[in-house]
file start.pdb (PDB, C-alpha atoms, pLDDT in the B column)
ATOM      1  CA  MET W  55     -15.012  -2.009 -18.132  1.00 59.00           C
ATOM      2  CA  ASN W  56     -15.268   1.660 -17.198  1.00 74.00           C
ATOM      3  CA  ASP W  57     -12.192   3.659 -16.313  1.00 87.00           C
ATOM      4  CA  ILE W  58     -11.323   4.034 -12.641  1.00 94.00           C
ATOM      5  CA  SER W  59     -11.506   7.477 -11.018  1.00 94.00           C
ATOM      6  CA  THR W  60     -10.929   6.870  -7.295  1.00 97.00           C
ATOM      7  CA  TYR W  61      -8.685   4.681  -5.173  1.00 97.00           C
ATOM      8  CA  TYR W  62     -11.787   3.017  -3.747  1.00 97.00           C
ATOM      9  CA  GLY W  63     -12.813   2.086  -7.273  1.00 96.00           C
ATOM     10  CA  LEU W  64      -9.387   0.626  -7.950  1.00 97.00           C
ATOM     11  CA  LEU W  65      -9.335  -1.337  -4.698  1.00 97.00           C
ATOM     12  CA  ARG W  66     -12.808  -2.695  -5.403  1.00 97.00           C
ATOM     13  CA  ARG W  67     -11.739  -3.764  -8.904  1.00 96.00           C
ATOM     14  CA  ALA W  68      -8.647  -5.462  -7.457  1.00 97.00           C
ATOM     15  CA  HIS W  69     -10.777  -7.585  -5.150  1.00 97.00           C
ATOM     16  CA  GLU W  70     -13.112  -8.515  -7.993  1.00 96.00           C
ATOM     17  CA  ILE W  71     -10.278  -9.519 -10.321  1.00 95.00           C
ATOM     18  CA  ILE W  72      -7.803 -11.101  -7.910  1.00 96.00           C
ATOM     19  CA  ARG W  73     -10.287 -12.637  -5.454  1.00 97.00           C
ATOM     20  CA  PRO W  74      -7.500 -13.148  -2.924  1.00 98.00           C
ATOM     21  CA  GLU W  75      -7.568 -16.083  -0.581  1.00 98.00           C
ATOM     22  CA  ARG W  76      -5.917 -13.928   2.093  1.00 98.00           C
ATOM     23  CA  TYR W  77      -6.124 -10.145   2.379  1.00 98.00           C
ATOM     24  CA  LEU W  78      -4.307  -7.855   4.803  1.00 98.00           C
ATOM     25  CA  GLU W  79      -5.279  -4.231   5.356  1.00 98.00           C
ATOM     26  CA  ILE W  80      -3.082  -1.901   7.383  1.00 98.00           C
ATOM     27  CA  GLY W  81      -4.996   1.125   8.618  1.00 97.00           C
ATOM     28  CA  VAL W  82      -8.627   0.009   8.546  1.00 96.00           C
ATOM     29  CA  HIS W  83     -10.027   3.045  10.441  1.00 93.00           C
ATOM     30  CA  GLU W  84     -13.814   2.675  10.075  1.00 94.00           C
ATOM     31  CA  GLY W  85     -13.550  -0.272   7.705  1.00 94.00           C
ATOM     32  CA  HIS W  86     -15.190   1.278   4.632  1.00 94.00           C
ATOM     33  CA  SER W  87     -12.743  -0.360   2.233  1.00 95.00           C
ATOM     34  CA  LEU W  88     -13.424  -3.776   3.761  1.00 96.00           C
ATOM     35  CA  SER W  89     -16.793  -3.714   1.994  1.00 93.00           C
ATOM     36  CA  PHE W  90     -15.006  -4.600  -1.259  1.00 96.00           C
ATOM     37  CA  VAL W  91     -13.861  -7.981   0.042  1.00 96.00           C
ATOM     38  CA  GLN W  92     -15.321 -10.902  -1.896  1.00 95.00           C
ATOM     39  CA  PRO W  93     -16.883 -14.011  -0.306  1.00 94.00           C
ATOM     40  CA  GLY W  94     -14.300 -16.609   0.604  1.00 94.00           C
ATOM     41  CA  THR W  95     -11.486 -14.157   1.338  1.00 97.00           C
ATOM     42  CA  ARG W  96      -9.780 -14.408   4.716  1.00 97.00           C
ATOM     43  CA  VAL W  97      -9.286 -10.853   6.035  1.00 98.00           C
ATOM     44  CA  VAL W  98      -7.024  -9.442   8.721  1.00 98.00           C
ATOM     45  CA  GLY W  99      -7.267  -5.720   9.418  1.00 98.00           C
ATOM     46  CA  VAL W 100      -4.684  -3.940  11.557  1.00 98.00           C
ATOM     47  CA  ASP W 101      -5.179  -0.570  13.230  1.00 98.00           C
ATOM     48  CA  PRO W 102      -4.152   0.766  16.660  1.00 97.00           C
ATOM     49  CA  GLU W 103      -7.579   2.417  17.064  1.00 96.00           C
ATOM     50  CA  PRO W 104     -10.054   0.601  14.805  1.00 96.00           C
ATOM     51  CA  LYS W 105     -13.610   1.868  14.523  1.00 95.00           C
ATOM     52  CA  VAL W 106     -15.064  -0.989  12.498  1.00 95.00           C
ATOM     53  CA  GLU W 107     -18.628  -1.739  13.551  1.00 90.00           C
ATOM     54  CA  ASN W 108     -19.691  -4.466  11.112  1.00 89.00           C
ATOM     55  CA  PRO W 109     -16.698  -6.217   9.541  1.00 92.00           C
ATOM     56  CA  PRO W 110     -17.321  -8.734   6.748  1.00 90.00           C
ATOM     57  CA  ASP W 111     -17.528 -12.429   7.505  1.00 90.00           C
ATOM     58  CA  ASN W 112     -14.215 -14.221   7.971  1.00 93.00           C
ATOM     59  CA  THR W 113     -12.575 -11.003   9.187  1.00 97.00           C
ATOM     60  CA  VAL W 114     -10.336 -10.418  12.195  1.00 97.00           C
ATOM     61  CA  ILE W 115      -9.580  -6.861  13.306  1.00 97.00           C
ATOM     62  CA  VAL W 116      -6.334  -6.579  15.269  1.00 98.00           C
ATOM     63  CA  PRO W 117      -6.178  -3.467  17.510  1.00 98.00           C
ATOM     64  CA  ALA W 118      -2.429  -2.954  17.277  1.00 98.00           C
ATOM     65  CA  THR W 119       0.201  -1.029  15.392  1.00 98.00           C
ATOM     66  CA  SER W 120       1.544  -2.688  12.268  1.00 98.00           C
ATOM     67  CA  ASP W 121       4.961  -3.018  13.910  1.00 98.00           C
ATOM     68  CA  ALA W 122       3.422  -4.882  16.848  1.00 98.00           C
ATOM     69  CA  PHE W 123       1.431  -7.076  14.471  1.00 98.00           C
ATOM     70  CA  PHE W 124       4.424  -8.189  12.435  1.00 98.00           C
ATOM     71  CA  ALA W 125       6.534  -8.712  15.571  1.00 98.00           C
ATOM     72  CA  ASP W 126       4.055 -11.246  16.971  1.00 98.00           C
ATOM     73  CA  PRO W 127       3.998 -14.634  15.170  1.00 97.00           C
ATOM     74  CA  GLU W 128       0.623 -15.443  16.715  1.00 97.00           C
ATOM     75  CA  LEU W 129      -0.948 -12.325  15.212  1.00 98.00           C
ATOM     76  CA  VAL W 130       0.638 -12.913  11.804  1.00 98.00           C
ATOM     77  CA  GLY W 131      -0.612 -16.493  12.065  1.00 98.00           C
ATOM     78  CA  LEU W 132      -4.178 -15.169  11.956  1.00 98.00           C
ATOM     79  CA  LEU W 133      -3.706 -14.832   8.195  1.00 97.00           C
ATOM     80  CA  GLY W 134      -3.412 -18.597   7.896  1.00 97.00           C
ATOM     81  CA  GLY W 135      -0.820 -18.420   5.129  1.00 98.00           C
ATOM     82  CA  PRO W 136       0.869 -16.056   2.678  1.00 98.00           C
ATOM     83  CA  ILE W 137      -0.828 -12.790   1.728  1.00 98.00           C
ATOM     84  CA  ASP W 138      -2.351 -12.570  -1.754  1.00 98.00           C
ATOM     85  CA  LEU W 139      -3.396  -8.921  -1.588  1.00 98.00           C
ATOM     86  CA  ALA W 140      -2.473  -6.180   0.865  1.00 98.00           C
ATOM     87  CA  PHE W 141      -3.621  -2.592   1.168  1.00 98.00           C
ATOM     88  CA  VAL W 142      -1.210  -0.335   3.073  1.00 98.00           C
ATOM     89  CA  ASP W 143      -2.903   2.825   4.369  1.00 97.00           C
ATOM     90  CA  GLY W 144      -1.396   3.360   7.799  1.00 94.00           C
ATOM     91  CA  LEU W 145       0.686   6.196   9.194  1.00 91.00           C
ATOM     92  CA  HIS W 146       1.367   8.624   6.347  1.00 91.00           C
ATOM     93  CA  LEU W 147       5.116   8.843   6.871  1.00 96.00           C
ATOM     94  CA  HIS W 148       7.645   7.320   4.491  1.00 97.00           C
ATOM     95  CA  GLU W 149       9.685   5.470   7.131  1.00 98.00           C
ATOM     96  CA  GLN W 150       6.658   3.681   8.547  1.00 98.00           C
ATOM     97  CA  THR W 151       5.168   2.875   5.155  1.00 98.00           C
ATOM     98  CA  LEU W 152       8.483   1.512   3.918  1.00 98.00           C
ATOM     99  CA  ARG W 153       8.670  -0.738   6.967  1.00 98.00           C
ATOM    100  CA  ASP W 154       5.085  -1.872   6.396  1.00 98.00           C
ATOM    101  CA  VAL W 155       5.781  -2.745   2.763  1.00 98.00           C
ATOM    102  CA  ALA W 156       8.944  -4.647   3.693  1.00 98.00           C
ATOM    103  CA  ASN W 157       7.087  -6.649   6.335  1.00 98.00           C
ATOM    104  CA  VAL W 158       4.113  -7.328   4.074  1.00 98.00           C
ATOM    105  CA  GLU W 159       6.372  -8.631   1.311  1.00 98.00           C
ATOM    106  CA  ARG W 160       8.094 -10.990   3.748  1.00 98.00           C
ATOM    107  CA  HIS W 161       4.729 -12.624   4.473  1.00 98.00           C
ATOM    108  CA  SER W 162       3.298 -12.495   0.937  1.00 98.00           C
ATOM    109  CA  HIS W 163       2.812 -15.022  -1.810  1.00 97.00           C
ATOM    110  CA  PRO W 164       5.281 -14.405  -4.676  1.00 97.00           C
ATOM    111  CA  ASP W 165       2.306 -13.789  -6.959  1.00 97.00           C
ATOM    112  CA  GLY W 166       0.754 -11.408  -4.450  1.00 98.00           C
ATOM    113  CA  ILE W 167       0.139  -7.692  -4.847  1.00 98.00           C
ATOM    114  CA  ILE W 168       0.714  -4.804  -2.458  1.00 98.00           C
ATOM    115  CA  MET W 169      -1.321  -1.626  -2.924  1.00 98.00           C
ATOM    116  CA  ILE W 170      -0.078   1.563  -1.251  1.00 98.00           C
ATOM    117  CA  HIS W 171      -2.362   4.542  -0.747  1.00 97.00           C
ATOM    118  CA  ASP W 172      -1.370   8.240  -0.944  1.00 97.00           C
ATOM    119  CA  CYS W 173       1.504   7.940  -3.411  1.00 97.00           C
ATOM    120  CA  LEU W 174       0.552  10.826  -5.720  1.00 96.00           C
ATOM    121  CA  PRO W 175       0.462  14.016  -3.622  1.00 95.00           C
ATOM    122  CA  ILE W 176      -1.612  17.014  -4.644  1.00 92.00           C
ATOM    123  CA  ASP W 177       0.728  19.756  -3.465  1.00 92.00           C
ATOM    124  CA  ALA W 178       3.441  20.512  -0.932  1.00 90.00           C
ATOM    125  CA  LYS W 179       0.986  21.366   1.833  1.00 92.00           C
ATOM    126  CA  THR W 180      -0.928  18.080   1.681  1.00 89.00           C
ATOM    127  CA  ALA W 181       2.361  16.199   1.298  1.00 87.00           C
ATOM    128  CA  ALA W 182       3.868  17.653   4.472  1.00 88.00           C
ATOM    129  CA  ARG W 183       4.839  15.343   7.311  1.00 85.00           C
ATOM    130  CA  ASP W 184       2.598  17.251   9.740  1.00 83.00           C
ATOM    131  CA  ARG W 185      -1.098  17.246   8.937  1.00 85.00           C
ATOM    132  CA  THR W 186      -2.706  20.675   8.459  1.00 87.00           C
ATOM    133  CA  THR W 187      -5.281  19.807   5.770  1.00 87.00           C
ATOM    134  CA  VAL W 188      -8.377  17.604   5.429  1.00 88.00           C
ATOM    135  CA  VAL W 189      -6.856  15.639   2.537  1.00 89.00           C
ATOM    136  CA  TRP W 190      -3.390  14.551   3.665  1.00 81.00           C
ATOM    137  CA  SER W 191      -1.062  12.147   1.902  1.00 89.00           C
ATOM    138  CA  GLY W 192       2.054  12.858   3.946  1.00 92.00           C
ATOM    139  CA  ASP W 193       5.319  11.852   2.315  1.00 96.00           C
ATOM    140  CA  VAL W 194       4.323   8.278   1.414  1.00 97.00           C
ATOM    141  CA  TRP W 195       5.290   9.035  -2.212  1.00 97.00           C
ATOM    142  CA  LYS W 196       8.937   8.655  -1.202  1.00 98.00           C
ATOM    143  CA  VAL W 197       8.379   4.930  -0.670  1.00 98.00           C
ATOM    144  CA  VAL W 198       7.588   4.505  -4.365  1.00 98.00           C
ATOM    145  CA  VAL W 199      10.830   6.293  -5.195  1.00 98.00           C
ATOM    146  CA  ALA W 200      12.720   3.972  -2.844  1.00 98.00           C
ATOM    147  CA  LEU W 201      11.178   0.810  -4.286  1.00 98.00           C
ATOM    148  CA  ARG W 202      11.900   1.875  -7.853  1.00 98.00           C
ATOM    149  CA  ARG W 203      15.504   2.727  -6.957  1.00 97.00           C
ATOM    150  CA  HIS W 204      16.419  -0.127  -4.634  1.00 98.00           C
ATOM    151  CA  ARG W 205      14.174  -2.944  -5.828  1.00 98.00           C
ATOM    152  CA  PRO W 206      14.282  -2.898  -9.634  1.00 98.00           C
ATOM    153  CA  ASP W 207      13.118  -6.513  -9.532  1.00 98.00           C
ATOM    154  CA  LEU W 208       9.685  -5.278  -8.449  1.00 98.00           C
ATOM    155  CA  THR W 209       7.040  -3.790 -10.720  1.00 98.00           C
ATOM    156  CA  VAL W 210       6.033  -0.517  -9.050  1.00 98.00           C
ATOM    157  CA  THR W 211       3.424   1.692 -10.707  1.00 98.00           C
ATOM    158  CA  THR W 212       1.427   4.627  -9.372  1.00 98.00           C
ATOM    159  CA  VAL W 213      -2.113   4.890 -10.704  1.00 98.00           C
ATOM    160  CA  ASP W 214      -3.503   8.419 -10.997  1.00 97.00           C
ATOM    161  CA  VAL W 215      -6.771   8.028  -9.107  1.00 97.00           C
ATOM    162  CA  GLU W 216      -8.418  10.507  -6.757  1.00 96.00           C
ATOM    163  CA  PRO W 217      -7.649  11.919  -4.378  1.00 96.00           C
ATOM    164  CA  THR W 218      -3.957  11.033  -3.893  1.00 96.00           C
ATOM    165  CA  GLY W 219      -3.107   8.033  -6.060  1.00 97.00           C
ATOM    166  CA  LEU W 220      -2.604   4.341  -5.391  1.00 98.00           C
ATOM    167  CA  ALA W 221       0.599   2.427  -6.096  1.00 98.00           C
ATOM    168  CA  ILE W 222       0.548  -1.208  -7.202  1.00 98.00           C
ATOM    169  CA  VAL W 223       3.552  -3.394  -6.388  1.00 98.00           C
ATOM    170  CA  SER W 224       3.989  -6.873  -7.859  1.00 98.00           C
ATOM    171  CA  GLY W 225       6.761  -9.365  -8.586  1.00 98.00           C
ATOM    172  CA  LEU W 226       7.198  -9.878  -4.848  1.00 98.00           C
ATOM    173  CA  ASP W 227      10.084 -11.856  -3.383  1.00 98.00           C
ATOM    174  CA  PRO W 228       9.493 -12.838   0.258  1.00 98.00           C
ATOM    175  CA  ASP W 229      13.122 -13.942   0.564  1.00 98.00           C
ATOM    176  CA  ASN W 230      14.570 -10.608  -0.542  1.00 98.00           C
ATOM    177  CA  THR W 231      16.064  -8.783   2.461  1.00 97.00           C
ATOM    178  CA  ILE W 232      17.257  -5.535   0.857  1.00 98.00           C
ATOM    179  CA  LEU W 233      14.550  -3.351   2.383  1.00 98.00           C
ATOM    180  CA  HIS W 234      15.306  -4.754   5.821  1.00 98.00           C
ATOM    181  CA  ASP W 235      19.079  -4.816   5.507  1.00 98.00           C
ATOM    182  CA  ASP W 236      19.363  -1.330   4.020  1.00 98.00           C
ATOM    183  CA  TYR W 237      16.413   0.219   5.829  1.00 98.00           C
ATOM    184  CA  ASP W 238      18.321   2.898   7.767  1.00 98.00           C
ATOM    185  CA  ALA W 239      20.311   4.013   4.728  1.00 98.00           C
ATOM    186  CA  ILE W 240      17.199   4.155   2.540  1.00 98.00           C
ATOM    187  CA  VAL W 241      15.280   6.203   5.114  1.00 98.00           C
ATOM    188  CA  GLU W 242      18.191   8.618   5.384  1.00 97.00           C
ATOM    189  CA  GLU W 243      18.262   8.941   1.599  1.00 97.00           C
ATOM    190  CA  LEU W 244      14.514   9.596   1.441  1.00 96.00           C
ATOM    191  CA  ALA W 245      14.733  12.277   4.119  1.00 93.00           C
ATOM    192  CA  GLY W 246      16.724  14.355   1.637  1.00 93.00           C
ATOM    193  CA  LEU W 247      13.957  14.329  -0.948  1.00 95.00           C
ATOM    194  CA  GLU W 248      11.610  17.302  -1.174  1.00 94.00           C
ATOM    195  CA  PHE W 249       8.225  17.754  -2.820  1.00 94.00           C
ATOM    196  CA  ASP W 250       9.876  20.120  -5.298  1.00 94.00           C
ATOM    197  CA  ASP W 251      11.906  17.166  -6.599  1.00 94.00           C
ATOM    198  CA  LEU W 252       8.686  15.715  -7.992  1.00 92.00           C
ATOM    199  CA  GLU W 253       8.164  18.886  -9.976  1.00 87.00           C
ATOM    200  CA  SER W 254      11.750  19.280 -11.181  1.00 92.00           C
ATOM    201  CA  VAL W 255      12.478  15.649 -12.058  1.00 93.00           C
ATOM    202  CA  GLY W 256       8.921  14.721 -13.048  1.00 92.00           C
ATOM    203  CA  ARG W 257       6.259  12.601 -11.385  1.00 92.00           C
ATOM    204  CA  ASP W 258       6.127  10.112 -14.235  1.00 92.00           C
ATOM    205  CA  GLU W 259       9.833   9.390 -13.962  1.00 93.00           C
ATOM    206  CA  MET W 260      10.009   9.238 -10.175  1.00 97.00           C
ATOM    207  CA  LEU W 261       6.708   7.504  -9.466  1.00 98.00           C
ATOM    208  CA  GLY W 262       5.890   5.618 -12.678  1.00 97.00           C
ATOM    209  CA  VAL W 263       2.502   7.280 -13.019  1.00 98.00           C
ATOM    210  CA  VAL W 264      -0.183   5.847 -15.296  1.00 97.00           C
ATOM    211  CA  PRO W 265      -3.779   7.037 -15.790  1.00 97.00           C
ATOM    212  CA  GLY W 266      -6.663   5.188 -14.192  1.00 96.00           C
ATOM    213  CA  THR W 267      -7.786   3.702 -17.494  1.00 96.00           C
ATOM    214  CA  TRP W 268      -8.685   0.043 -17.515  1.00 93.00           C
ATOM    215  CA  ASP W 269      -6.269  -0.827 -20.325  1.00 94.00           C
ATOM    216  CA  ARG W 270      -3.373   0.467 -18.191  1.00 95.00           C
ATOM    217  CA  VAL W 271      -4.604  -0.888 -14.856  1.00 96.00           C
ATOM    218  CA  GLU W 272      -5.725  -4.401 -15.822  1.00 94.00           C
ATOM    219  CA  PRO W 273      -2.183  -5.733 -16.568  1.00 95.00           C
ATOM    220  CA  LEU W 274      -1.017  -4.448 -13.172  1.00 95.00           C
ATOM    221  CA  LEU W 275      -3.534  -6.671 -11.402  1.00 94.00           C
ATOM    222  CA  ALA W 276      -2.542  -9.822 -13.270  1.00 84.00           C
ATOM    223  CA  SER W 277      -0.148 -11.983 -11.284  1.00 61.00           C
TER
END

call {"tool": "encode", "arguments": {"input": "start.pdb", "output": "structure tokens"}}
result
Amino acid sequence: MNDISTYYGLLRRAHEIIRPERYLEIGVHEGHSLSFVQPGTRVVGVDPEPKVENPPDNTVIVPATSDAFFADPELVGLLGGPIDLAFVDGLHLHEQTLRDVANVERHSHPDGIIMIHDCLPIDAKTAARDRTTVVWSGDVWKVVVALRRHRPDLTVTTVDVEPTGLAIVSGLDPDNTILHDDYDAIVEELAGLEFDDLESVGRDEMLGVVPGTWDRVEPLLAS
């Protein structure tokens, strides 16, 4: 297979390889990435202001924040069972993304995979918490740092795909409560990180970066 250059290409390949029974997408916006869903996959998309005109078959779009979604058992019940694949692309702030990942894991299959967008920032300006640029990753990269520090039981890898990377998280444990129990302390710790830390310590070490070559990506998609 050809190497993967963009996060869309990686997400499409994930759907083709995994063919999840249940797929959750946080931050659907206009629903472009939903086009990669394979027949037979149950899809739930969550977004407070969705603009999806023609969702795939077997898809439910929930017009709510991710926090509201996970707080409502009836909404979570729309999935019909544990999540096999999730794509987290919501609010580009580390505290919200960390909460999303923790909640997704709680409702995932142990063999499931969580993919997190915007984990490999381009520069300090596009990685700022306030958006001033067209391409904006925010400080989502800090979530990868947190997972690698506080959840060594997980496999957390950031794939270098355009424009701002895509992290793949596997080895999920729905019964693990560390991210929930230690949430406030972890968020406080992450607030002390700066973009310059990526440059001084090294992106590979902090984020576990690998190139978007198929030989490096394929094992990450195998459950």

call {"tool": "closest_residue", "arguments": {"input": "start.pdb", "among": "W:Ala181, W:Ala200, W:Leu64, W:Ile72", "to": "Met260 (chain W)", "atoms": "all atoms listed in the file"}}
result
W:Ala200

call {"tool": "closest_residue", "arguments": {"input": "start.pdb", "among": "W:Gly256, W:Gly262, W:Pro117, W:Pro110", "to": "Cys173 (chain W)", "atoms": "all atoms listed in the file"}}
result
W:Gly262

call {"tool": "closest_residue", "arguments": {"input": "start.pdb", "among": "W:Asp184, W:Asp165, W:Asp214, W:Asp138", "to": "Leu226 (chain W)", "atoms": "only C-alpha atoms"}}
result
W:Asp165

call {"tool": "atom_distance", "arguments": {"input": "start.pdb", "atom1": "CA of Pro273 (chain W)", "atom2": "CA of Leu233 (chain W)"}}
result
25.4 Å

call {"tool": "atom_distance", "arguments": {"input": "start.pdb", "atom1": "CA of Ile167 (chain W)", "atom2": "CA of Ala68 (chain W)"}}
result
9.4 Å

call {"tool": "closest_residue", "arguments": {"input": "start.pdb", "among": "W:Leu133, W:Val241, W:Ile176, W:Val215", "to": "Val197 (chain W)", "atoms": "only C-alpha atoms"}}
result
W:Val241

call {"tool": "atom_distance", "arguments": {"input": "start.pdb", "atom1": "CA of Glu79 (chain W)", "atom2": "CA of Trp190 (chain W)"}}
result
19.0 Å

call {"tool": "resolve_selection", "arguments": {"input": "start.pdb", "expression": "the PyMOL selection byres ((chain W and resi 95-98) around 12)", "output": "MDAnalysis selection string"}}
result
chainID W and resid 69:70 72:82 85 87:94 99:101 109:118 120 123 129:141

call {"tool": "write_last_selection", "arguments": {"input": "start.pdb", "atoms": "C-alpha atoms", "output": "PDB file, in the coordinates of the input"}}
result
ATOM      1  CA  HIS W  69     -10.777  -7.585  -5.150  1.00 97.00           C
ATOM      2  CA  GLU W  70     -13.112  -8.515  -7.993  1.00 96.00           C
ATOM      3  CA  ILE W  72      -7.803 -11.101  -7.910  1.00 96.00           C
ATOM      4  CA  ARG W  73     -10.287 -12.637  -5.454  1.00 97.00           C
ATOM      5  CA  PRO W  74      -7.500 -13.148  -2.924  1.00 98.00           C
ATOM      6  CA  GLU W  75      -7.568 -16.083  -0.581  1.00 98.00           C
ATOM      7  CA  ARG W  76      -5.917 -13.928   2.093  1.00 98.00           C
ATOM      8  CA  TYR W  77      -6.124 -10.145   2.379  1.00 98.00           C
ATOM      9  CA  LEU W  78      -4.307  -7.855   4.803  1.00 98.00           C
ATOM     10  CA  GLU W  79      -5.279  -4.231   5.356  1.00 98.00           C
ATOM     11  CA  ILE W  80      -3.082  -1.901   7.383  1.00 98.00           C
ATOM     12  CA  GLY W  81      -4.996   1.125   8.618  1.00 97.00           C
ATOM     13  CA  VAL W  82      -8.627   0.009   8.546  1.00 96.00           C
ATOM     14  CA  GLY W  85     -13.550  -0.272   7.705  1.00 94.00           C
ATOM     15  CA  SER W  87     -12.743  -0.360   2.233  1.00 95.00           C
ATOM     16  CA  LEU W  88     -13.424  -3.776   3.761  1.00 96.00           C
ATOM     17  CA  SER W  89     -16.793  -3.714   1.994  1.00 93.00           C
ATOM     18  CA  PHE W  90     -15.006  -4.600  -1.259  1.00 96.00           C
ATOM     19  CA  VAL W  91     -13.861  -7.981   0.042  1.00 96.00           C
ATOM     20  CA  GLN W  92     -15.321 -10.902  -1.896  1.00 95.00           C
ATOM     21  CA  PRO W  93     -16.883 -14.011  -0.306  1.00 94.00           C
ATOM     22  CA  GLY W  94     -14.300 -16.609   0.604  1.00 94.00           C
ATOM     23  CA  GLY W  99      -7.267  -5.720   9.418  1.00 98.00           C
ATOM     24  CA  VAL W 100      -4.684  -3.940  11.557  1.00 98.00           C
ATOM     25  CA  ASP W 101      -5.179  -0.570  13.230  1.00 98.00           C
ATOM     26  CA  PRO W 109     -16.698  -6.217   9.541  1.00 92.00           C
ATOM     27  CA  PRO W 110     -17.321  -8.734   6.748  1.00 90.00           C
ATOM     28  CA  ASP W 111     -17.528 -12.429   7.505  1.00 90.00           C
ATOM     29  CA  ASN W 112     -14.215 -14.221   7.971  1.00 93.00           C
ATOM     30  CA  THR W 113     -12.575 -11.003   9.187  1.00 97.00           C
ATOM     31  CA  VAL W 114     -10.336 -10.418  12.195  1.00 97.00           C
ATOM     32  CA  ILE W 115      -9.580  -6.861  13.306  1.00 97.00           C
ATOM     33  CA  VAL W 116      -6.334  -6.579  15.269  1.00 98.00           C
ATOM     34  CA  PRO W 117      -6.178  -3.467  17.510  1.00 98.00           C
ATOM     35  CA  ALA W 118      -2.429  -2.954  17.277  1.00 98.00           C
ATOM     36  CA  SER W 120       1.544  -2.688  12.268  1.00 98.00           C
ATOM     37  CA  PHE W 123       1.431  -7.076  14.471  1.00 98.00           C
ATOM     38  CA  LEU W 129      -0.948 -12.325  15.212  1.00 98.00           C
ATOM     39  CA  VAL W 130       0.638 -12.913  11.804  1.00 98.00           C
ATOM     40  CA  GLY W 131      -0.612 -16.493  12.065  1.00 98.00           C
ATOM     41  CA  LEU W 132      -4.178 -15.169  11.956  1.00 98.00           C
ATOM     42  CA  LEU W 133      -3.706 -14.832   8.195  1.00 97.00           C
ATOM     43  CA  GLY W 134      -3.412 -18.597   7.896  1.00 97.00           C
ATOM     44  CA  GLY W 135      -0.820 -18.420   5.129  1.00 98.00           C
ATOM     45  CA  PRO W 136       0.869 -16.056   2.678  1.00 98.00           C
ATOM     46  CA  ILE W 137      -0.828 -12.790   1.728  1.00 98.00           C
ATOM     47  CA  ASP W 138      -2.351 -12.570  -1.754  1.00 98.00           C
ATOM     48  CA  LEU W 139      -3.396  -8.921  -1.588  1.00 98.00           C
ATOM     49  CA  ALA W 140      -2.473  -6.180   0.865  1.00 98.00           C
ATOM     50  CA  PHE W 141      -3.621  -2.592   1.168  1.00 98.00           C
TER      51      PHE W 141
END

call {"tool": "resolve_selection", "arguments": {"input": "start.pdb", "expression": "the PyMOL selection byres ((chain W and resi 180) around 7)", "output": "list in words"}}
result
Pro175, Ile176, Asp177, Ala178, Lys179, Ala181, Ala182, Thr187, Val189, Trp190, Ser191 and Gly192 of chain W

call {"tool": "resolve_selection", "arguments": {"input": "start.pdb", "expression": "the PyMOL selection byres ((chain W and resi 244) around 9)", "output": "list in words"}}
result
His148, Glu149, Lys196, Val197, Val199, Ala200, Ala239, Ile240, Val241, Glu242, Glu243, Ala245, Gly246, Leu247 and Glu248 of chain W
